[in-house]
file final_19.cif (mmCIF, C-alpha atoms)
data_run
loop_
_atom_site.label_atom_id
_atom_site.label_comp_id
_atom_site.auth_asym_id
_atom_site.auth_seq_id
_atom_site.Cartn_x
_atom_site.Cartn_y
_atom_site.Cartn_z
CA MET C 850 1.88 30.60 -18.08
CA MET C 851 2.69 28.24 -15.18
CA GLU C 852 1.48 24.70 -15.61
CA LYS C 853 -0.77 23.49 -12.82
CA VAL C 854 -0.18 19.97 -11.52
CA LEU C 855 -2.01 17.82 -8.97
CA LEU C 856 0.19 15.33 -7.07
CA VAL C 857 -1.64 12.43 -5.43
CA ASP C 858 0.21 10.08 -3.05
CA ASP C 859 -0.54 8.71 0.43
CA GLU C 860 3.13 9.17 1.49
CA THR C 861 2.98 12.74 2.83
CA GLU C 862 6.75 13.28 2.99
CA PHE C 863 7.22 12.09 -0.60
CA LEU C 864 4.42 14.39 -1.67
CA ALA C 865 5.82 17.43 0.16
CA THR C 866 9.36 16.94 -1.17
CA LEU C 867 8.35 16.32 -4.78
CA ALA C 868 5.93 19.27 -4.69
CA GLU C 869 8.70 21.59 -3.53
CA ARG C 870 11.08 20.38 -6.25
CA MET C 871 8.41 20.96 -8.88
CA ARG C 872 7.64 24.45 -7.56
CA ASN C 873 11.39 25.20 -7.78
CA ARG C 874 11.04 24.39 -11.50
CA GLY C 875 8.22 26.83 -12.06
CA LEU C 876 5.21 24.55 -11.75
CA GLU C 877 2.09 25.41 -9.75
CA VAL C 878 1.47 22.36 -7.55
CA GLU C 879 -1.49 21.16 -5.50
CA THR C 880 -1.32 17.97 -3.43
CA SER C 881 -3.69 15.33 -2.16
CA THR C 882 -3.04 12.28 0.03
CA SER C 883 -6.01 10.29 -1.26
CA ALA C 884 -7.71 9.54 -4.55
CA GLU C 885 -11.07 10.42 -2.97
CA ASP C 886 -9.92 13.99 -2.21
CA ALA C 887 -8.19 14.22 -5.57
CA LEU C 888 -11.44 13.42 -7.38
CA LYS C 889 -13.14 16.32 -5.56
CA MET C 890 -10.26 18.64 -6.48
CA VAL C 891 -10.44 17.62 -10.14
CA GLU C 892 -14.15 18.58 -10.13
CA SER C 893 -13.41 22.02 -8.69
CA TYR C 894 -10.12 23.03 -10.32
CA SER C 895 -8.45 22.82 -13.68
CA PHE C 896 -5.16 20.96 -13.85
CA ASP C 897 -2.79 20.57 -16.77
CA ALA C 898 -1.63 17.17 -15.51
CA ILE C 899 -2.10 14.78 -12.60
CA LEU C 900 0.61 12.60 -11.05
CA LEU C 901 -1.11 9.66 -9.41
CA ASP C 902 0.37 7.00 -7.11
CA LEU C 903 -0.70 3.48 -8.06
CA LYS C 904 -1.14 1.91 -4.61
CA MET C 905 -3.16 3.96 -2.12
CA PRO C 906 -5.62 3.10 0.65
CA GLY C 907 -9.23 3.30 -0.46
CA ILE C 908 -9.54 4.04 -4.19
CA ASP C 909 -6.26 3.02 -5.85
CA GLY C 910 -4.50 4.74 -8.74
CA LEU C 911 -6.01 2.68 -11.55
CA ALA C 912 -9.57 3.09 -10.23
CA ALA C 913 -8.99 6.85 -9.81
CA LEU C 914 -7.57 7.06 -13.35
CA LYS C 915 -10.70 5.43 -14.74
CA LEU C 916 -13.04 7.70 -12.75
CA ILE C 917 -11.20 10.89 -13.78
CA LYS C 918 -11.09 9.88 -17.44
CA GLU C 919 -14.83 9.21 -17.42
CA LYS C 920 -15.54 12.77 -16.30
CA LYS C 921 -12.63 14.55 -17.99
CA PRO C 922 -11.36 12.52 -20.96
CA GLU C 923 -8.84 15.22 -21.93
CA MET C 924 -7.12 15.08 -18.51
CA GLN C 925 -3.51 13.94 -18.71
CA ILE C 926 -2.59 11.46 -15.97
CA ILE C 927 0.87 10.12 -15.22
CA LEU C 928 0.92 7.08 -12.94
CA LEU C 929 3.75 6.63 -10.43
CA THR C 930 4.59 3.31 -8.83
CA GLY C 931 7.23 1.80 -6.59
CA HIS C 932 7.45 -1.26 -8.84
CA ALA C 933 6.78 -0.74 -12.54
CA THR C 934 5.96 -3.94 -14.38
CA LEU C 935 5.04 -4.40 -18.03
CA GLN C 936 1.65 -5.80 -17.03
CA LYS C 937 0.80 -2.81 -14.84
CA GLY C 938 2.04 -0.45 -17.52
CA ILE C 939 -0.17 -2.01 -20.20
CA GLU C 940 -3.17 -1.93 -17.88
CA ALA C 941 -2.56 1.73 -17.11
CA MET C 942 -2.17 2.73 -20.76
CA LYS C 943 -5.33 0.81 -21.71
CA LEU C 944 -7.23 2.86 -19.13
CA GLY C 945 -5.91 6.05 -20.73
CA ALA C 946 -2.81 6.96 -18.70
CA THR C 947 -0.48 9.39 -20.45
CA ASP C 948 2.58 7.72 -18.96
CA PHE C 949 3.69 5.22 -16.35
CA LEU C 950 6.83 5.83 -14.27
CA GLU C 951 8.70 4.17 -11.43
CA LYS C 952 9.45 6.08 -8.22
CA PRO C 953 11.72 7.87 -7.69
CA ALA C 954 11.56 9.32 -11.18
CA ASP C 955 14.27 11.68 -12.43
CA ILE C 956 12.86 15.16 -11.77
CA GLU C 957 13.95 16.59 -15.14
CA ILE C 958 12.34 13.69 -17.03
CA LEU C 959 9.20 14.04 -14.89
CA THR C 960 9.00 17.79 -15.52
CA GLU C 961 9.49 17.26 -19.25
CA LYS C 962 6.68 14.70 -19.30
CA ILE C 963 4.41 17.15 -17.49
CA HIS C 964 5.18 19.85 -20.10
CA LYS C 965 4.33 17.39 -22.91
CA ALA C 966 1.17 16.26 -21.13
CA SER C 967 0.07 19.86 -20.69
CA THR C 968 0.60 20.57 -24.42
CA LYS C 969 -1.35 17.43 -25.31
CA LYS C 970 -4.24 18.53 -23.09
CA MET C 971 -4.28 21.99 -24.68
CA ILE C 972 -4.50 20.42 -28.14
CA LEU C 973 -7.34 18.11 -27.05
CA VAL C 974 -9.28 20.95 -25.44
CA ALA C 975 -8.82 23.14 -28.54
CA LYS C 976 -9.95 20.28 -30.78
CA LYS C 977 -13.03 19.70 -28.63
CA ALA C 978 -13.89 23.41 -28.81
CA GLU C 979 -13.41 23.41 -32.58
CA GLU C 980 -15.74 20.43 -32.99
CA LYS C 981 -18.33 22.12 -30.82
CA ILE C 982 -18.19 25.26 -32.97
CA LYS C 983 -18.46 23.23 -36.18
CA LYS C 984 -21.49 21.45 -34.78
CA ILE C 985 -23.20 24.70 -33.86
CA MET C 986 -22.45 26.18 -37.27
CA SER C 987 -23.74 23.06 -38.99
CA GLU C 988 -26.95 23.15 -36.92
CA LYS C 989 -27.48 26.75 -37.88
CA ALA C 990 -26.61 25.85 -41.52
CA TRP C 991 -23.97 28.60 -41.76
CA MET X 347 6.95 -35.91 0.00
CA THR X 348 3.20 -36.50 -0.01
CA GLU X 349 0.82 -34.37 -2.06
CA ASP X 350 -0.42 -32.66 1.13
CA GLN X 351 3.13 -31.84 2.20
CA GLY X 352 3.82 -30.48 -1.28
CA ASN X 353 0.71 -28.28 -1.16
CA LEU X 354 1.65 -27.02 2.30
CA TRP X 355 5.13 -26.05 1.14
CA LYS X 356 3.72 -24.43 -1.98
CA GLY X 357 1.26 -22.40 0.13
CA ASN X 358 4.00 -21.30 2.50
CA LEU X 359 6.23 -20.33 -0.40
CA GLN X 360 3.45 -18.21 -1.93
CA PHE X 361 2.94 -16.54 1.44
CA PHE X 362 6.69 -15.83 1.66
CA GLY X 363 6.56 -14.29 -1.82
CA LYS X 364 3.60 -12.02 -1.03
CA ALA X 365 5.03 -10.90 2.31
CA THR X 366 8.49 -10.10 0.95
CA ALA X 367 6.98 -8.30 -2.08
CA SER X 368 5.00 -6.13 0.31
CA ILE X 369 8.09 -5.43 2.42
CA SER X 370 10.11 -4.52 -0.68
CA HIS X 371 7.40 -2.07 -1.67
CA GLU X 372 7.59 -0.40 1.74
CA ILE X 373 11.38 -0.13 1.52
CA LYS X 374 11.06 1.35 -1.97
CA ASN X 375 8.70 4.03 -0.60
CA THR X 376 11.22 5.09 2.05
CA LEU X 377 14.05 5.10 -0.52
CA ALA X 378 11.93 7.27 -2.84
CA ILE X 379 11.53 9.85 -0.06
CA ILE X 380 15.27 9.76 0.72
CA ALA X 381 16.09 10.14 -3.01
CA GLU X 382 13.70 13.09 -3.45
CA SER X 383 15.09 14.73 -0.30
CA ALA X 384 18.64 14.37 -1.62
CA GLY X 385 17.43 15.82 -4.93
CA LEU X 386 15.88 18.77 -3.09
CA LEU X 387 19.18 19.43 -1.28
CA GLU X 388 20.89 19.43 -4.67
CA ASP X 389 18.29 21.90 -5.99
CA LEU X 390 18.88 24.22 -3.02
CA ILE X 391 22.68 24.07 -3.47
CA LEU X 392 22.31 25.00 -7.17
CA MET X 393 19.94 27.82 -6.27
CA SER X 394 22.32 29.14 -3.59
CA GLU X 395 25.15 29.17 -6.15
CA LYS X 396 22.92 31.48 -8.19
CA GLY X 397 22.49 33.79 -5.21
CA MET X 398 19.50 32.43 -3.32
CA GLU X 399 19.85 32.41 0.46
CA LEU X 400 19.97 29.00 2.11
CA LYS X 401 17.65 28.80 5.12
CA SER X 402 18.96 26.64 7.96
CA GLY X 403 15.41 25.76 9.05
CA GLN X 404 14.67 24.28 5.65
CA LEU X 405 17.95 22.34 5.62
CA GLN X 406 17.20 20.99 9.08
CA GLU X 407 13.74 19.87 7.97
CA ILE X 408 15.18 17.97 5.01
CA SER X 409 17.88 16.41 7.19
CA GLN X 410 15.29 15.26 9.74
CA ARG X 411 13.13 13.85 6.95
CA ILE X 412 16.06 11.76 5.69
CA GLN X 413 16.81 10.55 9.22
CA ARG X 414 13.17 9.59 9.85
CA GLN X 415 12.99 7.59 6.63
CA SER X 416 16.36 5.92 7.36
CA VAL X 417 15.05 4.81 10.76
CA ARG X 418 11.85 3.60 9.09
CA ALA X 419 13.81 1.62 6.48
CA ASP X 420 16.01 0.10 9.18
CA LEU X 421 12.92 -1.06 11.10
CA ILE X 422 11.42 -2.58 7.95
CA VAL X 423 14.65 -4.47 7.23
CA LYS X 424 14.78 -5.75 10.85
CA ARG X 425 11.23 -7.07 10.41
CA LEU X 426 12.21 -8.69 7.12
CA ASN X 427 15.15 -10.36 8.84
CA ALA X 428 12.99 -11.67 11.71
CA PHE X 429 10.40 -12.91 9.21
CA SER X 430 13.00 -14.65 7.05
CA HIS X 431 14.55 -16.38 10.06
CA SER X 432 11.15 -17.62 11.23
CA SER X 433 11.45 -20.35 8.60
CA ASP X 434 14.81 -21.61 9.95
CA GLU X 435 13.25 -24.39 12.02
CA LEU X 436 10.13 -26.41 11.27
CA LEU X 437 9.40 -26.95 14.95
CA ARG X 438 10.35 -24.47 17.62
CA SER X 439 9.32 -23.09 20.98
CA ILE X 440 7.99 -19.57 20.40
CA ASP X 441 6.24 -16.78 22.24
CA LEU X 442 2.85 -16.54 20.56
CA LEU X 443 2.51 -12.83 21.36
CA GLU X 444 5.89 -12.05 19.77
CA LEU X 445 4.91 -14.00 16.65
CA VAL X 446 1.64 -12.06 16.34
CA GLN X 447 3.47 -8.76 16.92
CA MET X 448 5.85 -9.66 14.09
CA VAL X 449 3.07 -10.57 11.63
CA LEU X 450 0.89 -7.52 12.33
CA PRO X 451 3.12 -4.93 10.59
CA LEU X 452 3.49 -7.31 7.62
CA ALA X 453 -0.28 -7.62 7.32
CA GLN X 454 -0.92 -3.95 8.13
CA ARG X 455 0.02 -2.72 4.65
CA PHE X 456 -2.65 -4.84 2.99
CA SER X 457 -5.26 -4.00 5.59
CA LEU X 458 -4.48 -0.26 5.28
CA LEU X 459 -5.18 -0.49 1.54
CA ARG X 460 -8.70 -1.46 2.67
CA GLY X 461 -8.70 1.42 5.17
CA VAL X 462 -8.55 -1.00 8.12
CA THR X 463 -6.10 -0.73 11.04
CA LEU X 464 -4.79 -3.66 13.10
CA GLU X 465 -4.34 -3.17 16.84
CA MET X 466 -3.07 -5.43 19.58
CA ILE X 467 -5.17 -5.44 22.74
CA PRO X 468 -2.83 -4.05 25.46
CA ASP X 469 -3.27 -6.88 27.96
CA SER X 470 -2.45 -9.66 25.51
CA LYS X 471 -0.39 -12.38 27.15
CA ASN X 472 2.98 -13.95 26.48
CA VAL X 473 2.18 -17.60 25.78
CA SER X 474 4.90 -20.15 25.08
CA ILE X 475 4.03 -22.91 22.58
CA THR X 476 5.99 -25.31 20.39
CA THR X 477 4.85 -25.10 16.79
CA ASP X 478 5.82 -24.59 13.15
CA PRO X 479 6.24 -20.78 13.29
CA PHE X 480 6.19 -20.12 9.56
CA SER X 481 3.01 -22.07 8.90
CA LEU X 482 1.37 -20.30 11.83
CA GLU X 483 2.40 -16.90 10.40
CA ASN X 484 0.83 -17.93 7.10
CA LEU X 485 -2.43 -18.95 8.79
CA LEU X 486 -2.52 -15.73 10.83
CA TRP X 487 -1.84 -13.61 7.72
CA ARG X 488 -4.69 -15.32 5.84
CA SER X 489 -7.03 -14.90 8.80
CA LEU X 490 -6.18 -11.20 9.08
CA ASP X 491 -6.73 -10.75 5.35
CA PHE X 492 -10.14 -12.43 5.61
CA ALA X 493 -11.04 -10.32 8.66
CA ALA X 494 -9.88 -7.02 7.11
CA ALA X 495 -12.18 -7.60 4.14
CA ARG X 496 -15.07 -7.86 6.61
CA ALA X 497 -14.20 -5.16 9.13
CA ASP X 498 -17.18 -3.39 10.65
CA SER X 499 -17.78 0.37 10.49
CA ASN X 500 -15.00 1.06 13.03
CA LYS X 501 -12.55 -0.12 10.38
CA SER X 502 -10.28 -1.49 13.08
CA LEU X 503 -9.47 -5.10 13.90
CA LEU X 504 -8.48 -5.94 17.47
CA ILE X 505 -6.10 -8.81 18.07
CA ASN X 506 -5.64 -10.57 21.39
CA VAL X 507 -3.35 -13.37 22.51
CA ASP X 508 -4.34 -15.46 25.47
CA GLU X 509 -3.65 -18.77 27.13
CA ASP X 510 -6.22 -21.53 27.33
CA ALA X 511 -6.33 -25.01 28.84
CA ASN X 512 -4.73 -26.63 25.79
CA GLY X 513 -2.20 -23.99 24.80
CA GLY X 514 -2.58 -20.58 23.18
CA ARG X 515 -5.30 -18.67 21.41
CA ILE X 516 -5.31 -15.78 18.94
CA GLU X 517 -8.53 -13.80 18.77
CA ILE X 518 -9.41 -11.42 15.95
CA SER X 519 -12.43 -9.22 16.52
CA GLY X 520 -14.02 -6.23 14.83
CA MET X 521 -15.80 -7.89 11.93
CA LYS X 522 -19.31 -7.40 10.70
CA ASN X 523 -21.83 -9.97 11.81
CA LEU X 524 -20.56 -13.11 10.10
CA SER X 525 -23.85 -14.77 9.34
CA SER X 526 -22.19 -17.85 7.97
CA LEU X 527 -18.49 -18.43 7.59
CA SER X 528 -19.16 -21.37 5.29
CA GLU X 529 -20.77 -18.97 2.81
CA ALA X 530 -17.58 -16.95 2.89
CA ASN X 531 -15.65 -20.20 2.35
CA PHE X 532 -13.45 -19.59 5.32
CA PRO X 533 -11.48 -21.47 6.40
CA GLY X 534 -10.90 -22.57 2.81
CA ARG X 535 -8.72 -25.38 1.50
CA GLU X 536 -5.40 -23.61 2.17
CA GLU X 537 -6.42 -22.58 5.69
CA ARG X 538 -7.75 -26.06 6.55
CA MET X 539 -4.44 -27.56 5.42
CA LEU X 540 -2.55 -25.21 7.74
CA ILE X 541 -4.98 -25.79 10.61
CA GLY X 542 -4.54 -29.56 10.22
CA HIS X 543 -0.76 -29.30 10.01
CA LEU X 544 -0.62 -27.11 13.16
CA LYS X 545 -3.11 -29.36 14.97
CA ALA X 546 -5.00 -26.14 15.61
CA SER X 547 -8.70 -25.48 15.82
CA PHE X 548 -10.58 -22.61 14.24
CA LEU X 549 -13.58 -21.18 16.07
CA SER X 550 -15.92 -18.31 15.45
CA GLU X 551 -18.51 -16.26 17.30
CA GLU X 552 -20.30 -15.14 14.19
CA GLN X 553 -22.79 -12.81 15.87
CA MET X 554 -19.95 -11.10 17.74
CA GLY X 555 -17.77 -10.81 14.65
CA ARG X 556 -14.87 -12.74 16.20
CA ILE X 557 -12.68 -15.60 15.07
CA PHE X 558 -10.22 -17.65 17.10
CA ILE X 559 -7.18 -19.70 16.22
CA CYS X 560 -6.53 -22.17 19.06
CA LEU X 561 -3.12 -23.83 19.16
CA PRO X 562 -1.79 -26.76 21.15
CA ARG X 563 1.00 -26.17 23.64
CA GLU X 564 3.16 -28.79 21.97
CA LEU X 565 3.09 -29.71 18.32
CA ASP X 566 4.85 -33.01 18.69
CA ARG X 567 5.97 -33.47 15.08
CA VAL X 568 6.03 -31.71 11.74
CA SER X 569 5.28 -33.73 8.62
#

call {"tool": "encode", "arguments": {"input": "final_19.cif", "output": "structure tokens"}}
result
Amino acid sequence: MMEKVLLVDDETEFLATLAERMRNRGLEVETSTSAEDALKMVESYSFDAILLDLKMPGIDGLAALKLIKEKKPEMQIILLTGHATLQKGIEAMKLGATDFLEKPADIEILTEKIHKASTKKMILVAKKAEEKIKKIMSEKAW
Amino acid sequence: MTEDQGNLWKGNLQFFGKATASISHEIKNTLAIIAESAGLLEDLILMSEKGMELKSGQLQEISQRIQRQSVRADLIVKRLNAFSHSSDELLRSIDLLELVQMVLPLAQRFSLLRGVTLEMIPDSKNVSITTDPFSLENLLWRSLDFAAARADSNKSLLINVDEDANGGRIEISGMKNLSSLSEANFPGREERMLIGHLKASFLSEEQMGRIFICLPRELDRVS
């Protein structure tokens, strides 16, 4: 099954080019030029991973990361930045980012990280479902 | 060097750091697009070697994208060069409009992160003054940053350059009703230091959401 990815970046030409390269590698890709629109898309559609630019007008990458994680804790989010620093990386990981990469990232490494993120999400969703079933069974004393 | 001179230099150096960091970020963005476009060309070549047809329209689009970003990067580097050279002389005759036009793109990136655009009023005037250009750029940058944080619902600041009896004047309008600038602590310590150094005056029409930086025609010495 094709993995579905949401790319979020205010640079439209970067977005378009990266999206095409990912589609060439078998990924299903949706794009958004703002975190505000991305948040609406996350509500409506299911994504295996999100690639989020750090610096954007309006809601920035870290704020968007926090908001998405609050609503969908199992969502895997990879942050992209023009200048990766240790401080920013730590802040991102503390907020629950799956990974933190500097642009332009090697496409093969990026694709591999998306595959791993997608697998991680599947495991988390399966675990959540299992816990829900156990809870129901325990309530019904089966 | 006095303590005030030291603080002024420190403030200007911090401004230089912030501005050049912002410029480097912009250049990185254009390079990222160029790199991804080159990567996409490589992808298409590999795919064509496996039998996929290469479409000339697609190749042209990628080529034009690379050219656009190269032109963009070149413009950014030209601005960086002009900005860097503005610190060559501590006292120089400048065109106030040209100085403002140079600072606006530098400040635009930060204002856009707040969703605010910066626009020059078309009939702004060329006004010749003798001043410390770099300190003036720093003061203007700080004023634009303050104004962008308080932009009204139009989310657009208008900047005008005009001549007055004593020299030149930069006007920034488009802010929400500034009930009291002192509550906002503007101008603060750093700005007051720059205003004093430039022998400028800072005025506001709070109800109209406008601030003015008034500059003398001749700054006779730089301490």

call {"tool": "residues_around", "arguments": {"input": "final_19.cif", "residues": "stretch 432-441 of chain X", "least_positions_apart": "2", "cutoff": "9 Å", "atoms": "all atoms listed in the file", "output": "number ranges by chain"}}
result
X: 427-430, 443-446, 472-481, 483, 564-568

call {"tool": "atom_distance", "arguments": {"input": "final_19.cif", "atom1": "atom CA of X:Ala494", "atom2": "atom CA of X:Asp510"}}
result
25.2 Å

call {"tool": "closest_residue", "arguments": {"input": "final_19.cif", "among": "C:Lys889, C:Lys983, C:Lys952, C:Lys976", "to": "chain X", "atoms": "all atoms listed in the file"}}
result
C:Lys952

call {"tool": "resolve_selection", "arguments": {"input": "final_19.cif", "expression": "the PyMOL selection byres ((chain X) within 12 of (chain C))", "output": "MDAnalysis selection string"}}
result
chainID X and resid 367:390 392:393 398 404 407:412 414:415 454:463 501

call {"tool": "resolve_selection", "arguments": {"input": "final_19.cif", "expression": "the PyMOL selection byres ((chain C and resi 929) around 6)", "output": "number ranges by chain"}}
result
C: 901-903, 928, 930, 950-951

call {"tool": "atom_distance", "arguments": {"input": "final_19.cif", "atom1": "atom CA of X:Glu537", "atom2": "atom CA of X:Arg488"}}
result
7.5 Å

call {"tool": "residues_around", "arguments": {"input": "final_19.cif", "residues": "X:Leu482", "least_positions_apart": "4", "cutoff": "10 Å", "atoms": "all atoms listed in the file", "output": "PyMOL selection string"}}
result
chain X and resi 358+442+445-446+449+477-478+486-488+540-541+543-544+546+559+561

call {"tool": "residues_around", "arguments": {"input": "final_19.cif", "residues": "stretch 960-968 of chain C", "least_positions_apart": "4", "cutoff": "9 Å", "atoms": "all atoms listed in the file", "output": "PyMOL selection string"}}
result
chain C and resi 852-854+871+874+876+896-900+924-927+947-948+955-956+972-973

call {"tool": "atom_distance", "arguments": {"input": "final_19.cif", "atom1": "atom CA of C:Glu885", "atom2": "atom CA of C:Leu914"}}
result
11.5 Å

call {"tool": "residues_around", "arguments": {"input": "final_19.cif", "residues": "X:Ile505", "least_positions_apart": "5", "cutoff": "12 Å", "atoms": "only C-alpha atoms", "output": "number ranges by chain"}}
result
X: 443, 446-447, 449-450, 463-471, 486, 489-490, 493-494, 515-521, 556-559
